[in-house]
file model-v3.txt (compact mmCIF, C-alpha atoms)
# COMPACT_ATOMS: atom_id res chain seq x y z
CA MET A 247 12.78 -4.97 -21.11
CA VAL A 248 13.50 -6.37 -17.66
CA GLN A 249 13.75 -10.17 -17.44
CA LYS A 250 12.39 -12.42 -14.70
CA GLU A 251 15.91 -13.52 -13.74
CA ASN A 252 16.69 -9.88 -12.84
CA LEU A 253 13.90 -9.98 -10.25
CA LYS A 254 15.29 -12.89 -8.25
CA GLN A 255 15.42 -11.13 -4.85
CA GLY A 256 11.84 -9.87 -5.01
CA LEU A 257 10.60 -13.16 -6.45
CA GLU A 258 12.09 -15.08 -3.52
CA LEU A 259 10.19 -12.81 -1.13
CA LEU A 260 6.95 -13.35 -3.07
CA GLN A 261 7.43 -17.08 -2.71
CA LYS A 262 7.63 -16.86 1.10
CA PRO A 263 4.53 -14.85 2.13
CA VAL A 264 4.49 -14.22 5.87
CA LEU A 265 0.69 -13.97 6.28
CA PRO A 266 0.14 -17.78 6.49
CA LEU A 267 2.58 -17.87 9.42
CA VAL A 268 0.87 -14.86 10.97
CA SER A 269 -2.49 -16.65 10.74
CA MET A 270 -1.05 -19.59 12.69
CA VAL A 271 0.23 -17.30 15.44
CA GLU A 272 -3.11 -15.45 15.57
CA PHE A 273 -4.98 -18.75 15.98
CA PHE A 274 -2.79 -19.89 18.88
CA LEU A 275 -2.90 -16.45 20.48
CA LEU A 276 -6.68 -16.18 20.33
CA THR A 277 -7.40 -19.76 21.43
CA GLY A 278 -4.59 -20.46 23.90
CA ASP A 279 -3.21 -19.06 27.14
CA PHE A 280 -0.05 -17.21 26.19
CA ALA A 281 1.49 -14.20 27.90
CA THR A 282 3.43 -12.94 24.89
CA VAL A 283 3.52 -13.38 21.15
CA ALA A 284 7.21 -14.27 21.31
CA GLU A 285 6.28 -17.29 23.45
CA ILE A 286 4.18 -18.68 20.59
CA VAL A 287 6.70 -17.86 17.90
CA GLU A 288 9.51 -19.63 19.78
CA GLN A 289 7.43 -22.82 19.97
CA LEU A 290 6.66 -23.02 16.25
CA PRO A 291 8.01 -26.16 14.56
CA ASP A 292 10.92 -25.79 12.16
CA PRO A 293 10.46 -26.15 9.26
CA ILE A 294 6.79 -25.44 8.51
CA GLU A 295 5.43 -26.71 5.21
CA THR A 296 2.22 -25.48 3.59
CA GLU A 297 0.60 -26.33 0.26
CA TYR A 298 2.33 -23.27 -1.16
CA THR A 299 5.85 -23.30 0.26
CA ARG A 300 8.26 -24.44 2.94
CA TYR A 301 9.36 -22.07 5.72
CA ASP A 302 12.78 -22.69 7.22
CA GLN A 303 13.33 -20.88 10.54
CA PRO A 304 9.78 -19.47 10.74
CA ALA A 305 10.56 -17.75 14.05
CA GLU A 306 13.21 -15.64 12.30
CA LEU A 307 10.78 -14.74 9.51
CA LEU A 308 8.24 -13.52 12.07
CA LYS A 309 10.61 -11.47 14.23
CA PRO A 310 10.12 -8.19 12.27
CA TYR A 311 6.38 -8.40 12.94
CA LEU A 312 6.26 -9.15 16.68
CA GLU A 313 5.32 -5.58 17.58
CA GLN A 314 2.34 -5.66 15.21
CA LEU A 315 1.20 -9.04 16.55
CA GLU A 316 1.33 -7.70 20.11
CA LEU A 317 -1.65 -5.50 19.17
CA LEU A 318 -3.79 -8.64 19.47
CA LEU A 319 -2.81 -9.03 23.11
CA ALA A 320 -3.26 -5.32 23.78
CA VAL A 321 -6.82 -5.37 22.45
CA GLN A 322 -7.60 -8.53 24.42
CA LYS A 323 -6.52 -6.61 27.52
CA GLY A 324 -8.85 -3.69 26.78
CA ALA A 325 -6.97 -1.42 24.38
CA GLU A 326 -9.17 0.23 21.76
CA LEU A 327 -8.75 -0.20 18.03
CA PRO A 328 -8.01 2.98 16.03
CA CYS A 329 -11.49 2.98 14.47
CA PRO A 330 -14.44 0.67 13.69
CA VAL A 331 -14.21 -1.97 10.94
CA THR A 332 -17.22 -2.60 8.72
CA THR A 333 -18.23 -5.03 6.01
CA GLU A 334 -18.71 -3.74 2.46
CA ALA A 335 -22.41 -3.49 3.32
CA GLY A 336 -21.57 -1.13 6.19
CA GLU A 337 -22.19 -3.54 9.09
CA GLN A 338 -19.67 -3.44 11.94
CA VAL A 339 -17.67 -6.67 12.32
CA ASP A 340 -16.90 -8.44 15.60
CA LEU A 341 -13.85 -7.47 17.64
CA THR A 342 -11.76 -10.55 16.75
CA THR A 343 -12.28 -10.05 13.03
CA ALA A 344 -11.49 -6.36 13.33
CA MET A 345 -8.32 -6.76 15.39
CA THR A 346 -6.86 -9.50 13.16
CA ALA A 347 -7.65 -7.40 10.08
CA PHE A 348 -5.75 -4.43 11.53
CA VAL A 349 -2.76 -6.63 12.33
CA ASP A 350 -2.80 -8.34 8.93
CA GLN A 351 -3.00 -5.00 7.13
CA LYS A 352 0.00 -3.63 9.06
CA ILE A 353 2.09 -6.75 8.46
CA LEU A 354 1.17 -7.07 4.78
CA THR A 355 2.02 -3.39 4.26
CA MET A 356 5.48 -3.96 5.75
CA GLU A 357 6.11 -7.09 3.71
CA LEU A 358 4.93 -5.56 0.44
CA GLU A 359 7.16 -2.53 0.98
CA ALA A 360 10.13 -4.90 1.01
CA ILE A 361 8.84 -6.91 -1.96
CA ASN A 362 8.04 -3.88 -4.09
CA SER A 363 11.37 -2.24 -3.29
CA ALA A 364 13.21 -5.39 -4.35
CA LEU A 365 11.22 -5.65 -7.58
CA CYS A 366 11.18 -1.97 -8.52
CA GLY A 367 14.92 -1.27 -8.50
CA PRO A 368 15.98 -3.66 -11.29
CA CYS A 369 13.27 -2.31 -13.63
CA GLY A 370 14.83 1.16 -13.93
CA CYS A 371 11.28 2.44 -14.44
CA THR A 372 9.96 5.95 -13.68
CA LEU A 373 6.32 5.23 -14.58
CA CYS A 374 5.11 6.15 -11.09
CA CYS A 375 7.03 9.43 -11.11
CA THR A 376 5.84 11.01 -14.37
CA GLY A 377 2.61 12.43 -15.73
CA PRO A 378 0.68 10.99 -18.70
CA ASP A 379 2.31 11.04 -22.11
CA GLN A 380 0.49 12.23 -25.21
CA THR A 381 -0.82 8.74 -26.03
CA MET A 382 -2.70 8.41 -22.74
CA GLU A 383 -6.32 9.38 -22.11
CA GLN A 384 -5.68 10.88 -18.69
CA ALA A 385 -4.99 14.59 -18.33
CA PHE A 386 -3.08 14.06 -15.06
CA PHE A 387 -2.02 11.51 -12.48
CA GLU A 388 -2.71 11.95 -8.78
CA ILE A 389 -0.34 10.82 -6.01
CA PRO A 390 -2.19 10.92 -2.65
CA LEU A 391 -0.08 12.05 0.29
CA LEU A 392 -0.22 12.02 4.06
CA LYS A 393 -0.39 15.44 5.70
CA ALA A 394 3.31 15.63 6.64
CA GLU A 395 4.46 14.35 3.24
CA ALA A 396 3.40 17.48 1.36
CA ASP A 397 6.52 19.24 2.70
CA LEU A 398 8.71 16.84 0.68
CA PHE A 399 7.78 18.60 -2.56
CA GLY A 400 9.04 22.06 -3.47
CA VAL A 401 6.23 22.99 -5.85
CA GLU A 402 3.25 25.34 -5.90
CA LYS A 403 0.63 24.60 -3.25
CA ILE A 404 -3.04 25.09 -4.09
CA GLU A 405 -4.89 25.36 -0.80
CA THR A 406 -8.16 27.23 -1.33
CA PRO A 407 -11.70 26.90 0.06
CA ALA A 408 -12.82 25.65 -3.37
CA ALA A 409 -10.16 22.92 -3.43
CA ARG A 410 -11.08 21.76 0.08
CA GLU A 411 -14.68 21.23 -1.03
CA CYS A 412 -13.90 18.78 -3.85
CA ASN A 413 -11.55 16.02 -4.98
CA ALA A 414 -9.36 15.47 -8.03
CA MET A 415 -11.79 13.33 -10.02
CA ASP A 416 -14.88 15.47 -9.38
CA GLU A 417 -16.76 17.02 -12.28
CA PRO A 418 -16.58 19.80 -13.21
CA PRO A 419 -12.85 20.05 -12.37
CA LEU A 420 -11.50 22.52 -9.82
CA GLN A 421 -10.74 25.87 -11.44
CA VAL A 422 -7.46 27.65 -10.67
CA GLU A 423 -7.02 31.13 -12.16
CA GLY A 424 -9.81 30.47 -14.64
CA ALA A 425 -8.53 27.10 -15.92
CA ASP A 426 -8.77 23.42 -14.98
CA PHE A 427 -6.32 22.66 -12.15
CA PHE A 428 -4.38 20.24 -14.38
CA ALA A 429 -4.01 22.70 -17.30
CA ARG A 430 -0.35 23.35 -16.56
CA THR A 431 3.03 21.98 -17.55
CA SER A 432 4.49 21.39 -14.10
CA SER A 433 3.44 19.46 -11.01
CA ALA A 434 1.58 21.04 -8.09
CA LEU A 435 0.26 20.15 -4.65
CA VAL A 436 -3.48 20.43 -4.08
CA HIS A 437 -5.25 20.24 -0.70
CA TRP A 438 -8.48 18.40 -1.52
CA GLN A 439 -11.39 17.50 0.70
CA LYS A 440 -9.67 14.17 1.42
CA GLY A 441 -6.20 15.67 1.93
CA TRP A 442 -3.05 16.53 -0.01
CA SER A 443 -2.15 15.13 -3.44
CA LEU A 444 0.70 15.70 -5.85
CA ILE A 445 -0.76 16.34 -9.32
CA LEU A 446 1.33 15.34 -12.33
CA PRO A 447 -0.11 16.86 -15.55
CA LYS A 448 0.86 15.64 -19.01
CA LYS A 449 4.59 15.79 -19.77
CA SER A 450 5.41 16.65 -16.13
CA SER A 451 7.37 14.68 -13.57
CA CYS A 452 7.78 14.51 -9.81
CA PRO A 453 10.04 17.38 -8.65
CA ASN A 454 12.09 14.85 -6.69
CA LEU A 455 12.94 12.78 -9.76
CA GLU A 456 16.44 13.28 -11.15
CA SER A 457 15.95 13.48 -14.89
CA GLN A 458 19.40 12.17 -15.82
CA THR A 459 19.66 9.26 -13.38
CA GLY A 460 15.97 8.43 -12.83
CA ARG A 461 16.63 8.34 -9.08
CA CYS A 462 14.54 9.81 -6.27
CA THR A 463 16.22 12.61 -4.30
CA VAL A 464 14.09 11.91 -1.19
CA TYR A 465 14.17 8.10 -1.46
CA THR A 466 14.85 7.50 2.24
CA ASP A 467 11.94 9.76 3.27
CA ARG A 468 9.68 9.07 0.26
CA PRO A 469 5.89 9.04 0.82
CA GLU A 470 4.10 5.86 1.84
CA VAL A 471 2.40 5.51 -1.54
CA CYS A 472 5.82 5.51 -3.24
CA ARG A 473 6.98 2.65 -1.04
CA ARG A 474 4.39 0.23 -2.39
CA PRO A 475 4.32 0.41 -6.17
CA GLN A 476 2.60 -1.49 -7.61
CA ILE A 477 1.22 -4.25 -5.37
CA PHE A 478 -1.08 -2.81 -2.71
CA PRO A 479 -2.66 -4.38 0.41
CA TYR A 480 -6.39 -3.82 0.78
CA ILE A 481 -7.26 -6.06 3.68
CA LEU A 482 -8.73 -2.83 5.01
CA GLU A 483 -9.81 0.19 2.97
CA PRO A 484 -9.92 3.55 4.79
CA ILE A 485 -13.20 5.43 4.94
CA THR A 486 -12.63 9.16 5.37
CA GLY A 487 -14.87 11.92 6.66
CA ASP A 488 -15.37 15.37 5.17
CA ASP A 489 -12.15 16.58 6.79
CA GLY A 490 -10.10 13.79 5.21
CA GLU A 491 -9.57 11.95 8.52
CA VAL A 492 -10.09 8.17 8.63
CA VAL A 493 -13.34 7.44 10.50
CA ALA A 494 -13.61 3.70 9.80
CA GLN A 495 -12.07 0.86 7.82
CA ARG A 496 -13.89 -1.34 5.30
CA LEU A 497 -12.97 -5.04 5.33
CA ARG A 498 -11.88 -6.02 1.80
CA ARG A 499 -9.34 -8.91 2.07
CA THR A 500 -7.95 -7.93 -1.32
CA LEU A 501 -4.59 -7.56 -3.01
CA LEU A 502 -4.39 -4.97 -5.81
CA ALA A 503 -1.73 -5.22 -8.51
CA VAL A 504 -1.36 -2.53 -11.17
CA ILE A 505 -0.35 -4.19 -14.43
CA ASP A 506 1.08 -1.01 -15.97
CA CYS A 507 4.15 -1.84 -13.88
CA PRO A 508 6.75 -3.96 -15.70
CA TYR A 509 7.31 -6.39 -12.82
CA VAL A 510 3.58 -6.94 -12.26
CA GLU A 511 3.16 -7.85 -15.91
CA ILE A 512 6.09 -10.27 -15.78
CA LEU A 513 5.13 -11.85 -12.43
CA GLU A 514 1.34 -11.96 -12.77
CA GLU A 515 1.18 -15.71 -12.05
CA GLU A 516 3.52 -15.46 -9.07
CA ILE A 517 1.52 -12.55 -7.61
CA ALA A 518 -1.68 -14.58 -8.01
CA ALA A 519 -0.09 -17.48 -6.14
CA TYR A 520 1.06 -15.11 -3.38
CA ALA A 521 -2.48 -13.74 -3.00
CA ALA A 522 -3.96 -17.25 -2.87
CA ALA A 523 -1.45 -18.31 -0.20
CA CYS A 524 -2.50 -15.26 1.86
CA GLU A 525 -6.20 -16.07 1.28
CA LEU A 526 -6.75 -12.73 -0.42
CA ASP A 527 -8.78 -11.88 -3.49
CA LEU A 528 -6.57 -10.57 -6.28
CA VAL A 529 -7.56 -7.57 -8.39
CA ILE A 530 -5.31 -6.79 -11.36
CA LYS A 531 -6.06 -3.56 -13.16
CA ARG A 532 -4.51 -1.03 -15.48
CA ASN A 533 -4.07 2.40 -13.94
CA LYS A 534 -2.62 4.35 -16.84
CA GLY A 535 -3.19 4.35 -20.57

call {"tool": "encode", "arguments": {"input": "model-v3.txt", "output": "structure tokens"}}
result
Amino acid sequence: MVQKENLKQGLELLQKPVLPLVSMVEFFLLTGDFATVAEIVEQLPDPIETEYTRYDQPAELLKPYLEQLELLLAVQKGAELPCPVTTEAGEQVDLTTAMTAFVDQKILTMELEAINSALCGPCGCTLCCTGPDQTMEQAFFEIPLLKAEADLFGVEKIETPAARECNAMDEPPLQVEGADFFARTSSALVHWQKGWSLILPKKSSCPNLESQTGRCTVYTDRPEVCRRPQIFPYILEPITGDDGEVVAQRLRRTLLAVIDCPYVEILEEEIAAYAAACELDLVIKRNKG
């Protein structure tokens, strides 16, 4: 069992969330007359103290995110956002709300990749890389992939008209050679209506997982979903069309933490404090079992 003291590096990152600093920069950028984001960042006081934490050298903390913050200026100058942003009720939000949500989602994704990577390593856990065991209710686990990521996996590809008309959780399940698509002992790639997924049936594992070491053979190039176990940013939630392409984003302002993960279970209070500091709703759920 991993101990909290083994998670020191990731815990320190959790205790210095960058989104409160980003919100300050966004406010000055949207209300002042600045030519560049760097101009604002350089004028920030040092240190900055909030109710949650103290930031020493805030300009240095923000440097990795300057490119993302520049999107605010680009949109102000007439650049178009990638797609519309709607409320949960389906109503389109105003431009300022939409553009800050896009920026916040990009920045939070980057920060959580670093946090999750720092927390995941010390756990020595392969929970995300293996299918359900015999004690679990699920018949399979699904790992959604971007289009180019499917080529990372040297397994059977199921790409049929029937598969493209449904998704993994649809009932009745997709049939492959007269059986449910998950009635197998090894992993496979399926091209669903919404895009590619790696399917891990019971007792199977990711083909890129080294059984003896528990290490990933494509770690440097691993899929996006593998870079963010098990704390996920849902400031925006993609809405896809029939072809699997993103047609809009739904404003959620949520942080999702999957408590199956050892470090989420250990750091539940710290994750809740991180979410509160970022002004995000926290959803903690169990994904497997």

call {"tool": "atom_distance", "arguments": {"input": "model-v3.txt", "atom1": "CA of Leu312 (chain A)", "atom2": "CA of Leu276 (chain A)"}}
result
15.2 Å

call {"tool": "atom_distance", "arguments": {"input": "model-v3.txt", "atom1": "CA of Trp442 (chain A)", "atom2": "CA of Asp416 (chain A)"}}
result
15.1 Å

call {"tool": "residues_around", "arguments": {"input": "model-v3.txt", "residues": "Cys329 (chain A)", "least_positions_apart": "3", "cutoff": "12 Å", "atoms": "all atoms listed in the file", "output": "list in words"}}
result
Ala325, Glu326, Thr332, Gln338, Val339, Leu341, Ala344, Met345, Ala347, Phe348, Leu482, Glu483, Pro484, Ile485, Thr486, Glu491, Val492, Val493, Ala494, Gln495 and Arg496 of chain A

call {"tool": "residues_around", "arguments": {"input": "model-v3.txt", "residues": "region 399-405 of chain A", "least_positions_apart": "4", "cutoff": "6 Å", "atoms": "only C-alpha atoms", "output": "number ranges by chain"}}
result
A: 434-437

call {"tool": "atom_distance", "arguments": {"input": "model-v3.txt", "atom1": "CA of Glu285 (chain A)", "atom2": "CA of Pro330 (chain A)"}}
result
29.1 Å

call {"tool": "residues_around", "arguments": {"input": "model-v3.txt", "residues": "region 455-458 of chain A", "least_positions_apart": "3", "cutoff": "12 Å", "atoms": "all atoms listed in the file", "output": "ChimeraX atom specification"}}
result
/A:371-377,398-400,433,450-452,461-465,468

call {"tool": "residues_around", "arguments": {"input": "model-v3.txt", "residues": "Gly256 (chain A)", "least_positions_apart": "5", "cutoff": "6 Å", "atoms": "all atoms listed in the file", "output": "list in words"}}
result
Ile361, Ala364 and Leu365 of chain A

call {"tool": "residues_near_point", "arguments": {"input": "model-v3.txt", "point": "(1.5, 4.6, -1.9)", "cutoff": "12 Å", "atoms": "all atoms listed in the file", "output": "CSV table (one decimal) with C-alpha atoms, in the frame of the given file"}}
result
chain,number,residue,atom,x,y,z
A,355,THR,CA,2.0,-3.4,4.3
A,358,LEU,CA,4.9,-5.6,0.4
A,359,GLU,CA,7.2,-2.5,1.0
A,362,ASN,CA,8.0,-3.9,-4.1
A,374,CYS,CA,5.1,6.2,-11.1
A,375,CYS,CA,7.0,9.4,-11.1
A,388,GLU,CA,-2.7,12.0,-8.8
A,389,ILE,CA,-0.3,10.8,-6.0
A,390,PRO,CA,-2.2,10.9,-2.6
A,391,LEU,CA,-0.1,12.0,0.3
A,392,LEU,CA,-0.2,12.0,4.1
A,395,GLU,CA,4.5,14.4,3.2
A,443,SER,CA,-2.2,15.1,-3.4
A,444,LEU,CA,0.7,15.7,-5.8
A,468,ARG,CA,9.7,9.1,0.3
A,469,PRO,CA,5.9,9.0,0.8
A,470,GLU,CA,4.1,5.9,1.8
A,471,VAL,CA,2.4,5.5,-1.5
A,472,CYS,CA,5.8,5.5,-3.2
A,473,ARG,CA,7.0,2.6,-1.0
A,474,ARG,CA,4.4,0.2,-2.4
A,475,PRO,CA,4.3,0.4,-6.2
A,476,GLN,CA,2.6,-1.5,-7.6
A,477,ILE,CA,1.2,-4.2,-5.4
A,478,PHE,CA,-1.1,-2.8,-2.7
A,479,PRO,CA,-2.7,-4.4,0.4
A,480,TYR,CA,-6.4,-3.8,0.8
A,502,LEU,CA,-4.4,-5.0,-5.8

call {"tool": "closest_residue", "arguments": {"input": "model-v3.txt", "among": "A:Leu253, A:Leu265, A:Ala523, A:Ile530", "to": "Glu297 (chain A)", "atoms": "all atoms listed in the file"}}
result
A:Ala523

call {"tool": "residues_around", "arguments": {"input": "model-v3.txt", "residues": "Trp438 (chain A)", "least_positions_apart": "2", "cutoff": "6 Å", "atoms": "only C-alpha atoms", "output": "ChimeraX atom specification"}}
result
/A:409-410,412-413,436,440-442

call {"tool": "axis_aligned_box", "arguments": {"input": "model-v3.txt", "around": "region 511-520 of chain A", "padding_each_side": "8 Å", "output": "lines of an AutoDock Vina configuration file"}}
result
center_x = 2.2
center_y = -12.7
center_z = -9.6
size_x = 23.8
size_y = 25.6
size_z = 28.5

call {"tool": "closest_residue", "arguments": {"input": "model-v3.txt", "among": "A:Cys366, A:Leu319, A:Leu446, A:Val504", "to": "Lys254 (chain A)", "atoms": "all atoms listed in the file"}}
result
A:Cys366

call {"tool": "residues_near_point", "arguments": {"input": "model-v3.txt", "point": "(-4.6, -15.4, 20.2)", "cutoff": "12 Å", "atoms": "only C-alpha atoms", "output": "ChimeraX atom specification"}}
result
/A:268-287,315-323,342-343,345-346,349

call {"tool": "closest_residue", "arguments": {"input": "model-v3.txt", "among": "A:Ala360, A:Leu327, A:Leu308, A:Ala408", "to": "Leu259 (chain A)", "atoms": "all atoms listed in the file"}}
result
A:Ala360
